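A.B. asks: Below is the structure I would like to discuss, written out as structure tokens.
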Amino acid sequence: MNRVYLDNAATTRVDPRVREAMLPWLGDRFGNPSSVHGPGQEALCALDEARKSVASAVGHGPWRVVFTSGGTEADNLAVLGSAPRGRRKKVVLSAIEHPAVDAPCRELASRGVELRVVDAPRGVIDPEALAAEADETTALVALIHVQNEIGTIQPVAEAARLVKRQAPQAFIHIDAVQALGQLPDLDLPDEADLVAVSSHKVHGPKGVGALLYRPHIALRPMLFGGAQQDRVRPGTENVPGIVGFGKACELLQEERKSSSQRMAGLSRHLRERLLADIEGLVILGRSDGLAPGTFSIGVKGVKSEVLLRVLEKRGIVASAGAACHSAHAEPSVAVRQAGLPEGWGALRLSLSRFTTPEEIDKGAEAVVDSVRSIREGRVSS
Amino acid sequence: MIASMSETGLMQGVVLRWGELFLKGMNRGIFTTILAERVRAVLRGLDPAPSVTPAHGRIYVDGRADREVLDRLGRVFGISSLSPVFYVAPDPDRIVRAVTDLVSRVRRADVRTFRISTNRPDKRFPFTSVQLNALLGEAVRKESGLAVDLGNPDLDVGVEIAKERSFIFLERIPGPGGLPVGTSGRGMLLLSGGIDSPVAGFLAQKRGLRLSAVHFHSHPYTSEASQKKAVDLSRILAIQQEHLTLSIVPFSRIQEQLRQKAHANLLVVLFRRSMVRISERIARNQGVSCLVTGESLGQVASQTLENLSCIEKAASLSILRPLITYDKQETIRLARMIGTYATSIRPHDDCCSVFLPQHPVIRADVSDVEQSENIADISGLEEEALSGIAKMDIEADFSDLATA
């Protein structure tokens with residue numbers, strides 16, 4: 001079946017040019033970057049190239065770049081490796097963080113760190129409310145850039161500036177895993193100290209991510225054992241994956257101005273059609289602050305998991321955000337704060353630079369039709 | 001007290017005993033044959049494979065007596081007990097030597113007393129049981145210094161002198177009892193994916209029923225994963241019979257139509273009646289002569305006495321309900337023992353939870369129910385469901401078992 005893939009917030013297809021760039025590193029060029037001989041040094045140079053490419057795609061340097069196994073590890077390293085220090089015993093985060101940030105923060109709380117969680121009404125954090133929680137005892141403030149379930153863009157630049165005014169010593173961590181592939185520019189302020197990104201959300205391979213951090217920060221490692229990556233993240237580097245991530249970032253930089261604009265147009269068109277053709281439908285979160293490629297809808301009288309299965313029968317794959325893993329899961333905090341009415345079903349639709357206008361039309365038609373048939377109780381035929 | 005025989009590596013085979021089969025008189029030959037088949041089936045695939053020989057009142061499994069073999073044999077219904085054995089020639093001197101040798105090799109410091117229990121079906125043997133007990137007892141006492149205790153010995157040495165074989169054994173492991181699967185006929189299990197129905201199936205197998213199973217799914221209201229659950233549960237039930245035919249019936253269209261045309265409070269009873277009718281059709285096609293369900297009296301609204309009898313009226317085959325008097329906790333305990341519990345509690349909707357009304361009727365009236373069925377043209381819908389059945393041949397999978 002010719003499937004329409006509208007789940008790019010979960011993962012994206014590997015760009016064929018990325019795969020091409022990786023192949024030599026899965027073949028003859030198998031050296032260990034820690035080896036002093038030729039094949040080793042060749043791999044080391046490839047890592048350096050990739051590092052520059054990732055730093056440049058994130059922009060607003062200077063950065064140190066440490067490669068990880070993915071976004072989750074990068075977020076964990078940021079939280080656990082930077083906080084708390086000495087008398088700075090407090091961590092502030094938004095209520096709509098990805099679990100990769102939220103869970104290590106809660107782990108810190110179980111070790112005695114004070115945690116402050118700031119709500120995000122309609123899916124967007126109020127920078128002043130966030131800054132109000134920060135003081136001289138604060139070690140870390142964590143904020144997601146583009147929320148992974150509802151696609152709302154957070155005012156990270158303003159929040160970072162306000163926080164630093166209140167708490168100059170606090171580190172500011174930005175989870176830019178979703179943002180990197182969608183925004184035309186991450187628009188990071190000098191005040192941002194740590195940034196997590198992931199390869200497979202930007203048409204690179206799975207199993208690679210990076211944490212970017214300011215050169216003055218001494219990160220505490222989570223793993224021990226080797227001298228790789230300045231001992232911040234020991235272990236032989238995933239050279240083919242990192243090369244792929246580098247290539248993906250290079251392509252991203254070339255194409256994202258135009259692809260971002262195109263995605264924004266397509267998803268606006270999709271939202272407008274759904275709003276026009278389905279009664280009892282809301283766009284979650286503030287519609288003026290949505291990222292180009294991701295948004296979620298709430299639909300009255302429809303269960304998320306049923307809608308997903310009906311859509312898949314029609315060749316459309318999407319997700320219900322975090323609620324899709326279990327039939328009995330409650331909607332997530334992000335989805336509830338973004339305004340999903342009680343008992344309504346949520347559906348996340350997410351695009352990539354490969355998404356075509358034809359796919360959007362097909363997707364819109366399928367969602368409209370599926371919702372109608374579920375409400376009428378005739379999806380089996 | 002003694003090293004487990006299977007661990008000492010001394011034993012050469014396993015002897016299986018049965019109890020109830022003696023009651024079956026004329027059918028005994030058939031029962032022994034079926035039991036031996038079942039034993040061969042559970043041992044299939046082992047390398048090296050033990051040989052299986054049925055004889056009078058016993059089945060001999062030769063070549064292995066290790067933990068894996070005992071585990072598998074310990075699941076075969078119809079076996080009342082099993083013993084790892086050491087074979088010996090029916091010669092008094094050799095038996096004495098073998099017994100004293102075995103006792104010295106398995107003995108541990110905390111073993112102080114023993115007893116010899118001889119059974120002598122082969123009356124050609126020159127000593128009576130009592131004489132042989134005395135002879136062996138004296139020899140062991142002298143050799144080992146252990147004291148005789150006929151009441152509660154630390155070590156109970158069994159000797160059996162049969163026509164076919166003579167053997168010594170040191171433990172008697174209880175078997176699962178029941179009747180060999182296949183000796184009581186065939187049953188069609190309504191398998192939901194929940195906790196109860198696989199346990200009901202297991203108990204039906206225990207009394208000798210060979211099962212087929214039917215699962216109703218409500219895709220897209222329920223997920224593919226809920227069908228996978230039915231398949232995984234079938235693989236565990238298939239252990240008792242090697243193969244099991246699972247029929248998967250598309251049920252959502254029937255549910256949608258009933259929801260549109262019938263009173264919401266009757267839906268659960270209507271769904272169950274429809275399942276029973278469809279199951280009966282499949283059963284008759286497969287030559288199966290009864291239905292088996294996991295219903296328990298009063299457990300949920302569809303399982304009141306009135307509703308059960310209303311559901312029953314939809315079928316002409318007998319409906320067996322092994323769990324009818326079981327409490328949920330008793331069923332859960334059994335499910336854990338069988339190894340189905342972990343699969344059953346995986347979180348997925350089953351078809352019974354689709355369109356569940358707030359207040360299901362407690363005492364369904366048959367004429368109301370039949371009227372709704374007529375309005376919905378239920379027989380046409382059921383024909384359609386029958387034509388959409390996917391049939392699967394499920395093979396036993398021992399690796400699925402949680403080791404107790």
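How things are named: the first chain in the structure tokens is A, the next is B, and so on; residues count from 1 in each chain; ligands count from 1 in the order shown.
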In region 240-296 of chain A, what's alpha helix (DSSP H) per DSSP? Answer as a PyMOL selection string?
C.D. replies: chain A and resi 240-277
A.B. asks: For the residues selected in the previous step, produce a file with N, CA and C atoms as a short mmCIF file (atom, residue, chain, number, x, y, z; two decimals), in the first residue's frame.
C.D. replies:
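result11.cif, written as the output of this step:
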```
data_model
loop_
_atom_site.label_atom_id
_atom_site.label_comp_id
_atom_site.auth_asym_id
_atom_site.auth_seq_id
_atom_site.Cartn_x
_atom_site.Cartn_y
_atom_site.Cartn_z
N PRO A 240 29.82 5.54 11.91
CA PRO A 240 28.87 5.67 10.78
C PRO A 240 27.66 6.52 11.15
N GLY A 241 27.12 6.32 12.34
CA GLY A 241 25.95 7.08 12.77
C GLY A 241 26.26 8.57 12.87
N ILE A 242 27.42 8.89 13.44
CA ILE A 242 27.78 10.29 13.63
C ILE A 242 28.02 10.96 12.27
N VAL A 243 28.67 10.22 11.35
CA VAL A 243 28.85 10.76 10.00
C VAL A 243 27.49 11.04 9.36
N GLY A 244 26.55 10.10 9.56
CA GLY A 244 25.21 10.29 9.01
C GLY A 244 24.52 11.51 9.61
N PHE A 245 24.67 11.66 10.93
CA PHE A 245 24.08 12.81 11.62
C PHE A 245 24.67 14.11 11.06
N GLY A 246 26.00 14.10 10.86
CA GLY A 246 26.67 15.28 10.30
C GLY A 246 26.11 15.63 8.93
N LYS A 247 25.96 14.59 8.11
CA LYS A 247 25.45 14.83 6.75
C LYS A 247 24.02 15.35 6.82
N ALA A 248 23.23 14.77 7.72
CA ALA A 248 21.83 15.20 7.85
C ALA A 248 21.77 16.68 8.25
N CYS A 249 22.68 17.11 9.14
CA CYS A 249 22.69 18.51 9.56
C CYS A 249 23.13 19.43 8.43
N GLU A 250 24.07 18.94 7.62
CA GLU A 250 24.53 19.73 6.47
C GLU A 250 23.36 19.95 5.50
N LEU A 251 22.62 18.90 5.20
CA LEU A 251 21.48 19.01 4.29
C LEU A 251 20.40 19.89 4.90
N LEU A 252 20.22 19.75 6.20
CA LEU A 252 19.22 20.55 6.90
C LEU A 252 19.51 22.04 6.71
N GLN A 253 20.77 22.39 6.90
CA GLN A 253 21.12 23.80 6.78
C GLN A 253 20.88 24.35 5.39
N GLU A 254 21.15 23.49 4.39
CA GLU A 254 20.94 23.96 3.02
C GLU A 254 19.46 24.16 2.73
N GLU A 255 18.61 23.31 3.33
CA GLU A 255 17.23 23.24 2.84
C GLU A 255 16.18 23.77 3.81
N ARG A 256 16.59 24.06 5.05
CA ARG A 256 15.51 24.25 6.01
C ARG A 256 14.71 25.54 5.86
N LYS A 257 15.33 26.60 5.34
CA LYS A 257 14.55 27.83 5.15
C LYS A 257 13.33 27.52 4.30
N SER A 258 13.59 26.88 3.15
CA SER A 258 12.48 26.61 2.23
C SER A 258 11.59 25.48 2.74
N SER A 259 12.21 24.42 3.32
CA SER A 259 11.37 23.29 3.73
C SER A 259 10.49 23.68 4.91
N SER A 260 11.02 24.51 5.79
CA SER A 260 10.27 24.96 6.94
C SER A 260 9.02 25.73 6.49
N GLN A 261 9.24 26.59 5.52
CA GLN A 261 8.14 27.39 5.00
C GLN A 261 7.08 26.50 4.33
N ARG A 262 7.59 25.53 3.57
CA ARG A 262 6.67 24.64 2.86
C ARG A 262 5.86 23.79 3.86
N MET A 263 6.55 23.24 4.88
CA MET A 263 5.85 22.44 5.90
C MET A 263 4.78 23.28 6.60
N ALA A 264 5.15 24.53 6.93
CA ALA A 264 4.20 25.40 7.63
C ALA A 264 2.95 25.61 6.78
N GLY A 265 3.15 25.81 5.49
CA GLY A 265 2.02 26.02 4.58
C GLY A 265 1.13 24.78 4.53
N LEU A 266 1.79 23.62 4.39
CA LEU A 266 1.02 22.38 4.29
C LEU A 266 0.25 22.08 5.57
N SER A 267 0.90 22.30 6.70
CA SER A 267 0.19 21.93 7.92
C SER A 267 -0.91 22.95 8.23
N ARG A 268 -0.71 24.21 7.82
CA ARG A 268 -1.79 25.18 7.99
C ARG A 268 -3.00 24.77 7.15
N HIS A 269 -2.72 24.37 5.92
CA HIS A 269 -3.77 23.91 5.02
C HIS A 269 -4.51 22.71 5.62
N LEU A 270 -3.74 21.77 6.17
CA LEU A 270 -4.33 20.57 6.78
C LEU A 270 -5.23 20.95 7.96
N ARG A 271 -4.73 21.85 8.82
CA ARG A 271 -5.53 22.26 9.98
C ARG A 271 -6.82 22.94 9.55
N GLU A 272 -6.69 23.79 8.54
CA GLU A 272 -7.89 24.53 8.09
C GLU A 272 -8.95 23.57 7.55
N ARG A 273 -8.49 22.59 6.78
CA ARG A 273 -9.47 21.63 6.25
C ARG A 273 -10.14 20.84 7.35
N LEU A 274 -9.36 20.41 8.33
CA LEU A 274 -9.94 19.61 9.41
C LEU A 274 -10.94 20.43 10.21
N LEU A 275 -10.56 21.69 10.50
CA LEU A 275 -11.46 22.57 11.25
C LEU A 275 -12.75 22.82 10.49
N ALA A 276 -12.62 22.96 9.18
CA ALA A 276 -13.81 23.27 8.37
C ALA A 276 -14.73 22.06 8.25
N ASP A 277 -14.14 20.86 8.16
CA ASP A 277 -14.95 19.69 7.80
C ASP A 277 -15.36 18.81 8.99
#
```
A.B. asks: Leaving out region 292-298 of chain A and any residue of its chain fewer than 2 positions from it, which residues lie within 7 Å of it when counting only C-alpha atoms, given as a PyMOL selection string?
C.D. replies: chain A and resi 9+149-151+182-183+260+263-264+267+281-284+290+300+340+344-352
A.B. asks: Could you save those same residues with N, CA and C atoms as a PDB file, in the first residue's frame?
C.D. replies:
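For reference, part_2.pdb as written:
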```
ATOM      1  N   ALA A   9       7.189  13.284  13.911  1.00  0.00           N
ATOM      2  CA  ALA A   9       7.676  13.645  15.241  1.00  0.00           C
ATOM      3  C   ALA A   9       8.187  12.404  15.968  1.00  0.00           C
ATOM      4  N   GLU A 149       4.564  16.681  21.529  1.00  0.00           N
ATOM      5  CA  GLU A 149       3.231  16.139  21.261  1.00  0.00           C
ATOM      6  C   GLU A 149       2.309  17.143  20.589  1.00  0.00           C
ATOM      7  N   ILE A 150       2.401  18.400  20.991  1.00  0.00           N
ATOM      8  CA  ILE A 150       1.435  19.375  20.469  1.00  0.00           C
ATOM      9  C   ILE A 150       2.081  20.390  19.546  1.00  0.00           C
ATOM     10  N   GLY A 151       3.399  20.374  19.448  1.00  0.00           N
ATOM     11  CA  GLY A 151       4.075  21.209  18.458  1.00  0.00           C
ATOM     12  C   GLY A 151       4.164  22.690  18.794  1.00  0.00           C
ATOM     13  N   GLN A 182      12.560  21.437  12.314  1.00  0.00           N
ATOM     14  CA  GLN A 182      11.347  22.138  11.910  1.00  0.00           C
ATOM     15  C   GLN A 182      11.500  23.641  11.779  1.00  0.00           C
ATOM     16  N   LEU A 183      12.243  24.233  12.708  1.00  0.00           N
ATOM     17  CA  LEU A 183      12.314  25.696  12.706  1.00  0.00           C
ATOM     18  C   LEU A 183      13.343  26.172  11.686  1.00  0.00           C
ATOM     19  N   SER A 260      11.016  24.509   5.786  1.00  0.00           N
ATOM     20  CA  SER A 260      10.267  24.965   6.935  1.00  0.00           C
ATOM     21  C   SER A 260       9.016  25.735   6.490  1.00  0.00           C
ATOM     22  N   MET A 263       6.553  23.242   4.880  1.00  0.00           N
ATOM     23  CA  MET A 263       5.846  22.444   5.896  1.00  0.00           C
ATOM     24  C   MET A 263       4.783  23.275   6.595  1.00  0.00           C
ATOM     25  N   ALA A 264       5.147  24.526   6.925  1.00  0.00           N
ATOM     26  CA  ALA A 264       4.199  25.395   7.632  1.00  0.00           C
ATOM     27  C   ALA A 264       2.949  25.609   6.784  1.00  0.00           C
ATOM     28  N   SER A 267       0.902  22.300   6.697  1.00  0.00           N
ATOM     29  CA  SER A 267       0.186  21.933   7.916  1.00  0.00           C
ATOM     30  C   SER A 267      -0.908  22.951   8.226  1.00  0.00           C
ATOM     31  N   LEU A 281     -14.020  19.684  16.874  1.00  0.00           N
ATOM     32  CA  LEU A 281     -12.581  19.473  16.721  1.00  0.00           C
ATOM     33  C   LEU A 281     -11.848  20.705  17.214  1.00  0.00           C
ATOM     34  N   VAL A 282     -10.770  20.488  17.990  1.00  0.00           N
ATOM     35  CA  VAL A 282      -9.946  21.629  18.400  1.00  0.00           C
ATOM     36  C   VAL A 282      -8.491  21.347  18.029  1.00  0.00           C
ATOM     37  N   ILE A 283      -7.779  22.449  17.735  1.00  0.00           N
ATOM     38  CA  ILE A 283      -6.331  22.340  17.596  1.00  0.00           C
ATOM     39  C   ILE A 283      -5.770  22.558  18.997  1.00  0.00           C
ATOM     40  N   LEU A 284      -4.941  21.650  19.461  1.00  0.00           N
ATOM     41  CA  LEU A 284      -4.405  21.780  20.816  1.00  0.00           C
ATOM     42  C   LEU A 284      -3.281  22.813  20.839  1.00  0.00           C
ATOM     43  N   LEU A 290       2.545  27.567  16.697  1.00  0.00           N
ATOM     44  CA  LEU A 290       2.828  26.174  16.349  1.00  0.00           C
ATOM     45  C   LEU A 290       4.043  26.055  15.444  1.00  0.00           C
ATOM     46  N   LYS A 300     -13.990  15.194  19.442  1.00  0.00           N
ATOM     47  CA  LYS A 300     -15.071  14.784  20.336  1.00  0.00           C
ATOM     48  C   LYS A 300     -15.627  13.413  19.929  1.00  0.00           C
ATOM     49  N   LEU A 340      -7.127  19.675  25.828  1.00  0.00           N
ATOM     50  CA  LEU A 340      -7.955  18.562  25.351  1.00  0.00           C
ATOM     51  C   LEU A 340      -9.126  18.374  26.312  1.00  0.00           C
ATOM     52  N   TRP A 344     -12.347  13.501  25.131  1.00  0.00           N
ATOM     53  CA  TRP A 344     -12.078  13.616  23.699  1.00  0.00           C
ATOM     54  C   TRP A 344     -10.819  12.831  23.366  1.00  0.00           C
ATOM     55  N   GLY A 345     -10.693  12.445  22.093  1.00  0.00           N
ATOM     56  CA  GLY A 345      -9.496  11.738  21.655  1.00  0.00           C
ATOM     57  C   GLY A 345      -8.496  12.700  21.036  1.00  0.00           C
ATOM     58  N   ALA A 346      -7.198  12.377  21.179  1.00  0.00           N
ATOM     59  CA  ALA A 346      -6.157  13.238  20.596  1.00  0.00           C
ATOM     60  C   ALA A 346      -5.489  12.529  19.424  1.00  0.00           C
ATOM     61  N   LEU A 347      -5.080  13.315  18.448  1.00  0.00           N
ATOM     62  CA  LEU A 347      -4.349  12.767  17.302  1.00  0.00           C
ATOM     63  C   LEU A 347      -3.229  13.744  16.934  1.00  0.00           C
ATOM     64  N   ARG A 348      -2.016  13.212  16.815  1.00  0.00           N
ATOM     65  CA  ARG A 348      -0.891  14.073  16.411  1.00  0.00           C
ATOM     66  C   ARG A 348      -0.554  13.799  14.950  1.00  0.00           C
ATOM     67  N   LEU A 349      -0.454  14.902  14.201  1.00  0.00           N
ATOM     68  CA  LEU A 349      -0.066  14.797  12.797  1.00  0.00           C
ATOM     69  C   LEU A 349       1.249  15.559  12.633  1.00  0.00           C
ATOM     70  N   SER A 350       2.256  14.894  12.084  1.00  0.00           N
ATOM     71  CA  SER A 350       3.544  15.578  11.954  1.00  0.00           C
ATOM     72  C   SER A 350       4.180  15.324  10.594  1.00  0.00           C
ATOM     73  N   LEU A 351       4.699  16.398  10.008  1.00  0.00           N
ATOM     74  CA  LEU A 351       5.188  16.403   8.636  1.00  0.00           C
ATOM     75  C   LEU A 351       6.717  16.400   8.605  1.00  0.00           C
ATOM     76  N   SER A 352       7.238  16.177   7.413  1.00  0.00           N
ATOM     77  CA  SER A 352       8.684  16.335   7.223  1.00  0.00           C
ATOM     78  C   SER A 352       8.912  17.077   5.911  1.00  0.00           C
TER      79      SER A 352
END
```
A.B. asks: Hey, could you make a per-residue contact list for chain A against chain B with 6 Å as the cut-off, showing the nearest pair of atoms and its distance in Å to one decimal, counting only C-alpha atoms, sorted by chain and number, as a Markdown table?
C.D. replies:
```
| residue | atom | partner | partner_atom | distance |
| --- | --- | --- | --- | --- |
| A:Val306 | CA | B:Tyr221 | CA | 5.1 |
| A:Arg309 | CA | B:Pro220 | CA | 5.4 |
| A:Val310 | CA | B:Pro220 | CA | 5.9 |
| A:Ala327 | CA | B:His348 | CA | 5.6 |
| A:Gly377 | CA | B:Glu256 | CA | 5.7 |
| A:Ser380 | CA | B:Arg253 | CA | 5.2 |
```
A.B. asks: Now that the selection is made, can you save its residues with C-alpha atoms as a short mmCIF file (atom, residue, chain, number, x, y, z; two decimals), in the first residue's frame?
C.D. replies:
```
data_model
loop_
_atom_site.label_atom_id
_atom_site.label_comp_id
_atom_site.auth_asym_id
_atom_site.auth_seq_id
_atom_site.Cartn_x
_atom_site.Cartn_y
_atom_site.Cartn_z
CA VAL A 306 -9.58 3.61 17.43
CA ARG A 309 -6.41 2.07 13.62
CA VAL A 310 -9.12 3.30 11.28
CA ALA A 327 -5.23 1.27 25.42
CA GLY A 377 -20.43 3.43 14.33
CA SER A 380 -16.03 -2.31 10.26
#
```
A.B. asks: Name all residues at most 8 Å from Pro174 (chain B) (count only C-alpha atoms; drop same-chain ones fewer than 5 positions away) and give them as an NGL selection string.
C.D. replies: :B and (74 or 80-82)
A.B. asks: Given the choices A:Ala100, A:Ile374, A:Ala160, A:Ala192, which gets closest to Gly70 (chain A) if the distance is worked out from only C-alpha atoms?
C.D. replies: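 Distance minimum relative to Gly70 (chain A) lands on A:Ala100.
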A.B. asks: Got a sec: who's within 9 Å of His359 (chain B), counting only C-alpha atoms, leaving out chain neighbours fewer than 4 positions off, as a PyMOL selection string?
C.D. replies: chain B and resi 264-265+301
A.B. asks: Put those residues in a file: N, CA and C atoms, as a PDB file, in the first residue's frame.
C.D. replies:
```pdb
ATOM      1  N   ALA B 264     -29.264  -0.455  24.476  1.00  0.00           N
ATOM      2  CA  ALA B 264     -27.883  -0.533  24.953  1.00  0.00           C
ATOM      3  C   ALA B 264     -27.717  -1.515  26.112  1.00  0.00           C
ATOM      4  N   ASN B 265     -28.727  -1.583  26.983  1.00  0.00           N
ATOM      5  CA  ASN B 265     -28.589  -2.440  28.164  1.00  0.00           C
ATOM      6  C   ASN B 265     -28.520  -3.927  27.826  1.00  0.00           C
ATOM      7  N   ALA B 301     -21.877  -8.585  35.023  1.00  0.00           N
ATOM      8  CA  ALA B 301     -23.309  -8.506  34.766  1.00  0.00           C
ATOM      9  C   ALA B 301     -23.792  -9.581  33.791  1.00  0.00           C
TER      10      ALA B 301
END
```
A.B. asks: Excluding same-chain residues fewer than 6 positions from Ala120 (chain A), what lies within 8 Å of it counting only C-alpha atoms, as a list in words?
C.D. replies: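 So, after excluding close chain neighbours, the residues are Ser94, Ala95, Ile96, Asp126, Ala334, Gln337 and Ala338 of chain A.
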A.B. asks: Once you have the residues from the selection above, write them out as a compact mmCIF listing (two decimals), in the first residue's frame, restricted to C-alpha atoms.
C.D. replies:
```txt
# COMPACT_ATOMS: atom_id res chain seq x y z
CA SER A 94 8.12 23.20 32.51
CA ALA A 95 5.21 20.80 32.94
CA ILE A 96 5.43 19.88 29.25
CA ASP A 126 4.95 31.97 30.37
CA ALA A 334 1.10 18.39 27.77
CA GLN A 337 -2.65 21.55 29.53
CA ALA A 338 -2.97 22.30 25.84
```
A.B. asks: Give me, please, the distance in Å between CA of Gly388 (chain B) and CA of Asn285 (chain B), quoted to one decimal.
C.D. replies: 14.9 Å
A.B. asks: Contacts of Ala159 (chain A) at 8 Å or less, counting only C-alpha atoms, minus same-chain residues fewer than 3 places along, as a list in words?
C.D. replies: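 Contacts, with the query itself left out: Asp126, Pro127, Glu128, Leu130, Ala131, Pro155, Val156, Leu162 and Val163 of chain A.
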A.B. asks: Go ahead and write the selection's residues with C-alpha atoms as a PDB file, in the first residue's frame.
C.D. replies:
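Result written to result_32.pdb:
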```
ATOM      1  CA  ASP A 126       4.951  31.967  30.372  1.00  0.00           C
ATOM      2  CA  PRO A 127       8.616  33.108  30.484  1.00  0.00           C
ATOM      3  CA  GLU A 128       7.957  35.290  33.499  1.00  0.00           C
ATOM      4  CA  LEU A 130       9.366  30.308  34.703  1.00  0.00           C
ATOM      5  CA  ALA A 131      11.815  33.036  35.696  1.00  0.00           C
ATOM      6  CA  PRO A 155       9.677  31.348  24.003  1.00  0.00           C
ATOM      7  CA  VAL A 156      13.100  29.969  24.882  1.00  0.00           C
ATOM      8  CA  LEU A 162      14.664  36.459  32.145  1.00  0.00           C
ATOM      9  CA  VAL A 163      15.962  33.453  34.069  1.00  0.00           C
TER      10      VAL A 163
END
```
